[in-house]
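First the structure, in the form of structure tokens, and then the observations on it.
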Amino acid sequence: MKGVVEIELFNSPDNIIITREIYVVSNASVWFINKKPATLKTVEEQIAALNIQVDNLCQFLPQDKVGEFTKLSKTELLEATEKSIGSPEMYQFHCELKNFREKERELENLCREKTTSLEKMKQRVERYKQDVERYHECKRHVDLIEMLERKRPWVEYENVREQHEEVKRNRNQIKEELKCLKEMQTPLTRRIQETEENLRNVDMRTRDINAEIRNISQKCKEKQDALEMKDKQIEEINQAFRMKKDEETNRQKKIYQTQKIIEEWQNELDTMAVCENLQPQIDAVNTELKKLQEERANIDNDVSDLRAEKANLEREEKRIIGRLGQLNNIMHMKEENLKMRFRDTHSALMWLRNNKDKFKKNTCEPMMLEINVKDSRHAKYIENHISANDMRAFVFECQEDMETFLVEVRDHQKLRVNAVCAPAESCAEKLPSRPIEELHRYGFFSYLRELFDAPLPVMSYLCYQYRVHDVPVGTERTRDMIERVIQETNLRQMYTAEERYVIKVSSYTNQNLSSNTCLREAQYLTSSVDMDERGQLENQRQDISNTLKSLDARLAALFDRQKLLEHKDNKLRQEKKELLERGNRRRQLESKIGVKYDSLRQLEQDAIDLEKELQLANVKIKEINKQKAELVTELMHLMKNIIPLNIAKVGLVLQMTRVTAEKGRLQSEYKAGTVQLRAAQQRFNELDNRKQLLYEKCIELLKQARFVCRLGPDQDFPEEFQIAFQTLPNTLEEIDAFLNEEKTRASCFTGLSASVVEEYNKQTQEIQQLTEYLEEKKNELNNYKQNISQVKEKWLNLVKVMIEQINGKFSRFFSSMQCVGEVDLHMENEEEYEKYGIRIRVKFHSSTELHELSPYHHSGGEKTVSTMLYLMALQELNRCPFRVVDEINQGMDPMNERRVFEMVVETACKKRTSQYFFITPKLLQNLTYHEKVTVLLVYNGTFMLETHKWNLKRFKRRHRRLTRMNE
């Protein structure tokens with residue numbers, strides 16, 4: 001949604017059209033000048049160029065600013081009037097005067113301060129003269145001390161230089177000895193290197209022989225592995241022959257066993273008697289078996305039915321457990337949402353769950369956990385209605401419990417949590433102001449309370465605090481007929497599909513004022529648990545569990561009966577089997593004997609020729625033995641080759657031992673020489689370090705001596721120092737004694753330093769500079785006074801003329817109302833230009849005196865009339881293109897309102913006056929209007945015609961018709 005405001009300002013040659021588009025959602029504005037996009041700064045520059053001052057109460061005076069206008073100080077009123085009707089240079093002169101006066105004060109204070117400082121400095125210089133004379137006497141002793149201190153480092157430098165030369169000679173002597181020792185070590189070093197070279201050569205030859213030995217050994221291992229493989233092949237051939245032999249032995253055993261079985265069965269067949277009649281016994285057993293089978297079938301049917309029923313119950317139990325798991329997961333998700341958004345509230349929740357025994361009455365967890373929305377699509381209505389602070393608030397039934405909880409979590413644990421107390425008298429069962437059925441025709445389908453479930457304390461608090469039992473929820477149909485809903489239902493709050501409406505009654509017009517906001521998406525209640533469903537599921541789960549236990553008991557009894565019947569069945573079947581076998585034994589024996597004869601013939605045909613198999617095995621073994629002989633021959637040849645290599649390896653090892661021993665002897669001799677060399681080297685290093693330290697000390701002492709004498713790097717020693725040094729002692733002891741003596745004398749002149757002379761010279765120089773600076777500032781002050789005099793004359797002339805004009809018009813306006821009013825220029829001090837101001841004095845009653853316009857002496861109507869007449873006095877003098885006055889007549893009585901309106905019309909309609917906008921919600925009847933006055937009536941209300949139905953011609957025709965009818 002957006003709103004558009006457009007203003008057209010007169011300008012030559014082309015008018016300026018300024019447009020502002022206001023966007024509600026983003027709270028942003030877009031500006032246009034003559035339909036082209038522009039910035040706010042550009043718009044402000046255009047307005048300033050036309051001398052439009054929105055913040056100047058002399059140009060723009062809304063009703064709520066009348067009090068501020070009367071509170072304007074005289075100075076502020078003068079400046080506002082200058083900006084509004086004065087010439088551009090008038091306000092500029094005023095600003096310059098204030099600036100000049102400020103600088104004039106600064107210069108006067110500066111000249112006063114500098115004159116005082118100059119006198120004090122002159123007095124201080126007189127006191128410094130005696131100290132300067134004593135300082136010069138002390139300076140002579142100090143100069144001698146300084147010369148002694150200059151010579152002392154040179155003497156110290158010379159002493160150290162002599163020590164350096166001595167150490168340098170000793171160092172050079174040790175250096176020669178060190179050179180001789182190094183020359184003696186050179187042959188030993190060379191012989192050690194030759195020995196190491198021999199060791200490397202022997203080691204290389206040894207590694208080559210070792211590599212060749214490893215190569216031959218690898219080949220030997222391969223031959224040995226091949227021999228082992230041949231042995232395995234021979235063993236496999238022998239194993240195969242043994243298996244053939246065992247197989248033939250088993251065949252002979254099977255033939256013998258088969259012949260024996262045939263003989264036994266034949267003997268039994270020969271001795272078997274004629275078959276007896278067993279049919280009656282078999283029929284009796286069959287009858288008994290039939291009864292058992294029928295009973296078992298019935299039991300099987302019962303078991304199947306019970307199992308099917310149990311399976312159905314188990315599936316239902318699984319479904320219920322799954323659904324309970326989903327509900328528990330939803331509660332977990334809600335707690336995780338709470339923990340993520342309000343960590344302190346979650347910590348307080350954990351504490352509450354572990355300490356519920358500390359509370360007297362029931363306590364409810366945060367509302368976002370306790371509220372369960374029946375349909376997730378309705379969660380946004382509850383969340384938009386309940387504040388976020390209450391969504392995370394704990395609900396208590398007892399005020400004392402709530403205080404105990406807050407002391408613990410807020411004061412002790414420093415957690416930021418919210419808590420509320422449910423009303424003492426439960427509001428959960430409150431009835432709405434009207435049944436929801438009466439609102440169905442407007443698209444409402446429910447009250448907020450019916451969309452969710454919550455514990456009794458939570459529901460009671462929400463009904464008491466948010467009246468959820470009396471806030472209806474509607475649909476898009478409600479949104480389409482919202483104006484009718486507001487007019488006919490007198491509801492104060494309601495929801496449509498995507499918006500919330502709040503209706504208030506205007507205390508000004510007694511009309512309904514509605515505001516609507518878009519609903520934000522739900523954040524806390526998107527996952528809800530139906531507690532009724534959860535309770536029902538728990539009950540169903542318990543019932544199913546009990547039923548399953550009963551079914552298990554019945555199934556166990558049936559299974560026991562099944563086992564008993566199965567045992568009887570097996571016994572009867574065994575009896576029947578024995579009877580049948582007794583009748584079928586002869587036929588079976590004849591059949592079995594025939595089968596065994598066939599098996600015997602097959603065994604006789606599967607005979608194995610062991611002689612032939614043995615010959616084949618021997619041929620294979622002989623061939624493998626030939627291959628083994630070849631491998632042994634190759635292995636012996638490799639063994640012969642490896643023996644000389646091992647002999648050579650032993651020789652090289654002995655040679656390496658001899659060379660290593662020679663190297664050790666040479667290293668021992670070299671080490672003894674190295675110790676002597678190292679000792680000499682250490683003595684050399686010590687002397688060299690000492691020489692270097694003495695050299696550095698000489699350099700440092702020389703630098704110090706040259707520094708003390710203030711000599712440059714390349715500057716020669718001055719002849720004047722040489723002459724002065726000749727008269728001074730030449731040893732450090734004598735110099736130190738002379739220094740102590742002179743320092744003692746110099747110490748008698750206490751409290752003196754070079755700063756005395758410096759301060760004396762500095763003060764003398766500062767006196768001269770300050771005298772010149774003071775003269776310069778006095779000239780500058782005279783120039784400022786001259787400038788102030790010139791600008792003051794120009795400004796006062798303009799201001800006095802302007803105030804005379806305003807006073808004339810202001811007095812005339814008041815006289816026409818039988819009252820007295822004056823406007824004059826007020827000043828407390830002629831030189832304080834920032835305190836100049838316009839004073840308005842008025843008298844509304846003949847019995848009173850003229851009083852300055854103020855909120856303490858005059859009523860609201862008097863202040864309004866005075867303000868309006870002052871603005872009228874400015875009207876003809878105004879330089880701005882237009883002026884705006886908003887509802888200024890609200891505080892006037894009818895007589896003053898009529899008089900002021902006539903003055904406004906008369907003044908605003910004169911030639912060469914700025915455009916005048918007078919905004920008011922009401923006007924008196926029978927007012928006098930001018931032909932240049934344009935009256936714009938703005939209507940707004942429930943019976944206002946829509947824009948497309950407005951027809952001016954038809955209105956005029958109707959007006960003429962009504963006029964004729966009245967005539």
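Residues are referred to by chain and number: the chain letter is A, B, ... according to the order shown in the structure tokens, the number counts from 1 in that chain, and ligands are numbered separately from 1 in the order shown.
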So that I can see what lies close to Ala672 of chain A, please list as an MDAnalysis selection string the residues with an atom at most 12 Å from it, counting only C-alpha atoms and leaving out residues fewer than 4 positions away in the same chain. chainID A and resid 181 184:185 188 665:668 676:679
DSSP on the backbone: what in segment 320-487 of chain A comes out strand (DSSP E), as number ranges by chain? A: 363-364, 372-373, 393-396, 418-421, 446-447, 452-453, 472-473
Using the selection just defined, write its residues with N, CA, C and O atoms as a PDB file, in the first residue's frame.
```
ATOM      1  N   THR A 363       2.061 -25.200  38.804  1.00  0.00           N
ATOM      2  CA  THR A 363       2.819 -24.244  37.983  1.00  0.00           C
ATOM      3  C   THR A 363       2.806 -24.741  36.550  1.00  0.00           C
ATOM      4  O   THR A 363       2.916 -25.937  36.298  1.00  0.00           O
ATOM      5  N   CYS A 364       2.662 -23.808  35.623  1.00  0.00           N
ATOM      6  CA  CYS A 364       2.612 -24.151  34.202  1.00  0.00           C
ATOM      7  C   CYS A 364       3.907 -23.710  33.528  1.00  0.00           C
ATOM      8  O   CYS A 364       4.463 -22.658  33.848  1.00  0.00           O
ATOM      9  N   ASN A 372      -1.639 -25.858  22.772  1.00  0.00           N
ATOM     10  CA  ASN A 372      -1.677 -26.835  21.698  1.00  0.00           C
ATOM     11  C   ASN A 372      -2.752 -26.419  20.706  1.00  0.00           C
ATOM     12  O   ASN A 372      -3.960 -26.463  21.003  1.00  0.00           O
ATOM     13  N   VAL A 373      -2.300 -25.987  19.518  1.00  0.00           N
ATOM     14  CA  VAL A 373      -3.237 -25.540  18.487  1.00  0.00           C
ATOM     15  C   VAL A 373      -3.873 -26.762  17.837  1.00  0.00           C
ATOM     16  O   VAL A 373      -3.183 -27.727  17.485  1.00  0.00           O
ATOM     17  N   ALA A 393       6.383 -16.858  28.810  1.00  0.00           N
ATOM     18  CA  ALA A 393       6.179 -16.612  30.241  1.00  0.00           C
ATOM     19  C   ALA A 393       5.669 -17.882  30.933  1.00  0.00           C
ATOM     20  O   ALA A 393       4.887 -18.648  30.369  1.00  0.00           O
ATOM     21  N   PHE A 394       6.117 -18.085  32.194  1.00  0.00           N
ATOM     22  CA  PHE A 394       5.596 -19.142  33.051  1.00  0.00           C
ATOM     23  C   PHE A 394       4.301 -18.639  33.720  1.00  0.00           C
ATOM     24  O   PHE A 394       4.180 -17.444  34.032  1.00  0.00           O
ATOM     25  N   VAL A 395       3.340 -19.531  33.939  1.00  0.00           N
ATOM     26  CA  VAL A 395       2.049 -19.152  34.516  1.00  0.00           C
ATOM     27  C   VAL A 395       1.925 -19.823  35.885  1.00  0.00           C
ATOM     28  O   VAL A 395       2.101 -21.042  36.006  1.00  0.00           O
ATOM     29  N   PHE A 396       1.618 -18.998  36.916  1.00  0.00           N
ATOM     30  CA  PHE A 396       1.497 -19.498  38.284  1.00  0.00           C
ATOM     31  C   PHE A 396       0.074 -19.239  38.783  1.00  0.00           C
ATOM     32  O   PHE A 396      -0.559 -18.240  38.417  1.00  0.00           O
ATOM     33  N   ASN A 418      10.281 -14.347  32.016  1.00  0.00           N
ATOM     34  CA  ASN A 418       9.002 -13.702  32.294  1.00  0.00           C
ATOM     35  C   ASN A 418       8.102 -14.679  33.035  1.00  0.00           C
ATOM     36  O   ASN A 418       8.150 -15.890  32.813  1.00  0.00           O
ATOM     37  N   ALA A 419       7.270 -14.135  33.915  1.00  0.00           N
ATOM     38  CA  ALA A 419       6.301 -14.959  34.646  1.00  0.00           C
ATOM     39  C   ALA A 419       5.060 -14.120  34.895  1.00  0.00           C
ATOM     40  O   ALA A 419       5.140 -12.904  35.106  1.00  0.00           O
ATOM     41  N   VAL A 420       3.895 -14.782  34.838  1.00  0.00           N
ATOM     42  CA  VAL A 420       2.616 -14.103  35.094  1.00  0.00           C
ATOM     43  C   VAL A 420       1.826 -14.957  36.081  1.00  0.00           C
ATOM     44  O   VAL A 420       2.094 -16.147  36.264  1.00  0.00           O
ATOM     45  N   CYS A 421       0.855 -14.314  36.684  1.00  0.00           N
ATOM     46  CA  CYS A 421       0.010 -15.008  37.664  1.00  0.00           C
ATOM     47  C   CYS A 421      -1.417 -15.052  37.129  1.00  0.00           C
ATOM     48  O   CYS A 421      -1.954 -14.026  36.686  1.00  0.00           O
ATOM     49  N   SER A 446     -15.126 -19.107  14.251  1.00  0.00           N
ATOM     50  CA  SER A 446     -14.784 -19.538  15.607  1.00  0.00           C
ATOM     51  C   SER A 446     -14.243 -18.351  16.387  1.00  0.00           C
ATOM     52  O   SER A 446     -13.820 -17.342  15.809  1.00  0.00           O
ATOM     53  N   TYR A 447     -14.270 -18.505  17.737  1.00  0.00           N
ATOM     54  CA  TYR A 447     -13.532 -17.592  18.596  1.00  0.00           C
ATOM     55  C   TYR A 447     -12.124 -18.154  18.804  1.00  0.00           C
ATOM     56  O   TYR A 447     -11.876 -19.362  18.640  1.00  0.00           O
ATOM     57  N   PHE A 452      -7.536 -23.627  20.241  1.00  0.00           N
ATOM     58  CA  PHE A 452      -6.398 -24.252  20.910  1.00  0.00           C
ATOM     59  C   PHE A 452      -6.844 -24.799  22.265  1.00  0.00           C
ATOM     60  O   PHE A 452      -7.902 -24.445  22.792  1.00  0.00           O
ATOM     61  N   ASP A 453      -6.010 -25.667  22.808  1.00  0.00           N
ATOM     62  CA  ASP A 453      -6.187 -26.200  24.151  1.00  0.00           C
ATOM     63  C   ASP A 453      -5.038 -25.726  25.022  1.00  0.00           C
ATOM     64  O   ASP A 453      -3.921 -25.513  24.531  1.00  0.00           O
ATOM     65  N   PRO A 472     -13.321 -13.002  17.530  1.00  0.00           N
ATOM     66  CA  PRO A 472     -13.686 -13.964  16.482  1.00  0.00           C
ATOM     67  C   PRO A 472     -12.634 -14.026  15.375  1.00  0.00           C
ATOM     68  O   PRO A 472     -11.869 -13.085  15.161  1.00  0.00           O
ATOM     69  N   VAL A 473     -12.631 -15.163  14.674  1.00  0.00           N
ATOM     70  CA  VAL A 473     -11.714 -15.384  13.559  1.00  0.00           C
ATOM     71  C   VAL A 473     -12.561 -15.617  12.318  1.00  0.00           C
ATOM     72  O   VAL A 473     -13.469 -16.454  12.323  1.00  0.00           O
TER      73      VAL A 473
END
```
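Using only C-alpha atoms, the smallest distance between any of A:Gln163, A:Thr633, A:Gln765, A:Asn210 and Lys649 of chain A comes from A:Asn210.
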Atom CA of Glu630 of chain A to atom CA of Ala226 of chain A: how many Å, to one decimal? 10.8 Å
Write out as a list in words which residues come within 8 Å of Thr75 of chain A when counting only C-alpha atoms, dropping same-chain ones fewer than 5 positions away. Glu834, Lys835, Tyr836, Gly837 and Ile838 of chain A
Provide the atom CA of Arg307 of chain A to atom CA of Lys291 of chain A distance in Å, to one decimal place. 24.3 Å
Applying 10 Å and only C-alpha atoms, which residues near Ala379 of chain A remain after dropping the ones on its own chain fewer than 4 positions away? List them as a ChimeraX atom specification. /A:371-375,383-384,451-452,521-528
Same residues, all heavy atoms, output as a short mmCIF file (atom, residue, chain, number, x, y, z; two decimals), in the first residue's frame:
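Result went into again.cif, see below:
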```cif
data_model
loop_
_atom_site.label_atom_id
_atom_site.label_comp_id
_atom_site.auth_asym_id
_atom_site.auth_seq_id
_atom_site.Cartn_x
_atom_site.Cartn_y
_atom_site.Cartn_z
N ILE A 371 0.41 -24.36 25.14
CA ILE A 371 -0.68 -24.13 24.18
C ILE A 371 -0.56 -25.15 23.05
O ILE A 371 0.49 -25.28 22.42
CB ILE A 371 -0.62 -22.69 23.62
CG1 ILE A 371 -0.91 -21.68 24.75
CG2 ILE A 371 -1.60 -22.52 22.48
CD1 ILE A 371 -0.77 -20.25 24.32
N ASN A 372 -1.64 -25.86 22.77
CA ASN A 372 -1.68 -26.83 21.70
C ASN A 372 -2.75 -26.42 20.71
O ASN A 372 -3.96 -26.46 21.00
CB ASN A 372 -1.98 -28.23 22.24
CG ASN A 372 -0.83 -28.78 23.05
OD1 ASN A 372 0.21 -29.11 22.50
ND2 ASN A 372 -1.01 -28.84 24.35
N VAL A 373 -2.30 -25.99 19.52
CA VAL A 373 -3.24 -25.54 18.49
C VAL A 373 -3.87 -26.76 17.84
O VAL A 373 -3.18 -27.73 17.49
CB VAL A 373 -2.50 -24.69 17.43
CG1 VAL A 373 -3.48 -24.17 16.40
CG2 VAL A 373 -1.78 -23.53 18.10
N LYS A 374 -5.18 -26.72 17.71
CA LYS A 374 -5.89 -27.87 17.14
C LYS A 374 -5.61 -28.03 15.65
O LYS A 374 -5.60 -29.14 15.14
CB LYS A 374 -7.40 -27.70 17.37
CG LYS A 374 -7.77 -27.71 18.86
CD LYS A 374 -9.26 -27.52 19.06
CE LYS A 374 -9.62 -27.52 20.55
NZ LYS A 374 -11.07 -27.30 20.77
N ASP A 375 -5.40 -26.94 14.96
CA ASP A 375 -5.06 -26.96 13.53
C ASP A 375 -3.88 -26.01 13.33
O ASP A 375 -3.97 -24.83 13.68
CB ASP A 375 -6.27 -26.51 12.70
CG ASP A 375 -6.03 -26.73 11.20
OD1 ASP A 375 -4.87 -26.78 10.78
OD2 ASP A 375 -7.03 -26.84 10.46
N GLU A 383 -0.57 -16.48 17.82
CA GLU A 383 0.72 -15.81 18.00
C GLU A 383 0.62 -14.31 17.75
O GLU A 383 1.33 -13.53 18.38
CB GLU A 383 1.76 -16.43 17.06
CG GLU A 383 2.26 -17.77 17.55
CD GLU A 383 3.57 -18.17 16.87
OE1 GLU A 383 4.28 -17.26 16.42
OE2 GLU A 383 3.85 -19.37 16.81
N ASN A 384 -0.22 -13.89 16.81
CA ASN A 384 -0.37 -12.45 16.56
C ASN A 384 -1.18 -11.78 17.66
O ASN A 384 -1.15 -10.56 17.78
CB ASN A 384 -1.02 -12.22 15.20
CG ASN A 384 -0.05 -12.33 14.06
OD1 ASN A 384 0.55 -11.34 13.63
ND2 ASN A 384 0.12 -13.54 13.55
N LEU A 451 -9.76 -22.45 19.18
CA LEU A 451 -8.76 -22.92 18.23
C LEU A 451 -7.60 -23.65 18.90
O LEU A 451 -6.73 -24.18 18.23
CB LEU A 451 -8.20 -21.75 17.41
CG LEU A 451 -9.21 -20.96 16.59
CD1 LEU A 451 -8.50 -19.85 15.83
CD2 LEU A 451 -9.95 -21.87 15.63
N PHE A 452 -7.54 -23.63 20.24
CA PHE A 452 -6.40 -24.25 20.91
C PHE A 452 -6.84 -24.80 22.27
O PHE A 452 -7.90 -24.45 22.79
CB PHE A 452 -5.26 -23.24 21.08
CG PHE A 452 -5.57 -22.11 22.01
CD1 PHE A 452 -5.21 -22.16 23.36
CD2 PHE A 452 -6.21 -20.96 21.55
CE1 PHE A 452 -5.49 -21.12 24.21
CE2 PHE A 452 -6.50 -19.92 22.40
CZ PHE A 452 -6.14 -19.99 23.74
N GLU A 521 3.87 -14.75 10.13
CA GLU A 521 3.83 -16.21 10.16
C GLU A 521 4.13 -16.72 11.57
O GLU A 521 4.89 -16.11 12.31
CB GLU A 521 4.84 -16.79 9.17
CG GLU A 521 4.49 -16.54 7.71
CD GLU A 521 3.15 -17.15 7.33
OE1 GLU A 521 2.85 -18.25 7.85
OE2 GLU A 521 2.41 -16.54 6.55
N ALA A 522 3.53 -17.86 11.91
CA ALA A 522 3.73 -18.44 13.24
C ALA A 522 5.17 -18.92 13.41
O ALA A 522 5.78 -19.44 12.47
CB ALA A 522 2.77 -19.59 13.46
N GLN A 523 5.72 -18.73 14.62
CA GLN A 523 7.09 -19.15 14.93
C GLN A 523 7.15 -20.13 16.09
O GLN A 523 8.07 -20.96 16.15
CB GLN A 523 7.95 -17.93 15.28
CG GLN A 523 8.03 -16.90 14.17
CD GLN A 523 8.83 -15.69 14.60
OE1 GLN A 523 9.36 -15.64 15.69
NE2 GLN A 523 8.91 -14.71 13.72
N TYR A 524 6.21 -20.02 17.02
CA TYR A 524 6.31 -20.80 18.25
C TYR A 524 5.33 -21.97 18.29
O TYR A 524 5.60 -22.98 18.95
CB TYR A 524 6.05 -19.89 19.46
CG TYR A 524 6.83 -18.62 19.46
CD1 TYR A 524 6.19 -17.38 19.37
CD2 TYR A 524 8.21 -18.64 19.51
CE1 TYR A 524 6.92 -16.20 19.36
CE2 TYR A 524 8.95 -17.46 19.50
CZ TYR A 524 8.31 -16.25 19.43
OH TYR A 524 9.03 -15.09 19.41
N LEU A 525 4.18 -21.86 17.65
CA LEU A 525 3.11 -22.85 17.81
C LEU A 525 2.89 -23.68 16.57
O LEU A 525 1.83 -24.27 16.39
CB LEU A 525 1.80 -22.14 18.20
CG LEU A 525 1.87 -21.26 19.45
CD1 LEU A 525 0.53 -20.57 19.67
CD2 LEU A 525 2.25 -22.07 20.67
N THR A 526 3.88 -23.70 15.65
CA THR A 526 3.71 -24.46 14.41
C THR A 526 3.60 -25.96 14.68
O THR A 526 3.02 -26.70 13.90
CB THR A 526 4.89 -24.19 13.47
OG1 THR A 526 6.11 -24.41 14.20
CG2 THR A 526 4.86 -22.76 12.98
N SER A 527 4.18 -26.41 15.79
CA SER A 527 4.09 -27.82 16.18
C SER A 527 3.32 -27.91 17.48
O SER A 527 3.77 -27.39 18.50
CB SER A 527 5.50 -28.42 16.36
OG SER A 527 6.24 -28.30 15.18
N SER A 528 2.15 -28.55 17.44
CA SER A 528 1.31 -28.61 18.64
C SER A 528 0.92 -30.07 18.93
O SER A 528 0.84 -30.90 18.02
CB SER A 528 0.05 -27.76 18.48
OG SER A 528 0.40 -26.41 18.35
#
```
Residue neighbourhood segment 338-353 of chain A, 12 Å, only C-alpha atoms, exclusion window fewer than 4 positions, as an MDAnalysis selection string: chainID A and resid 331:334 357:359 362:370 388:396 401:402 404:410 412:419 523:525 527
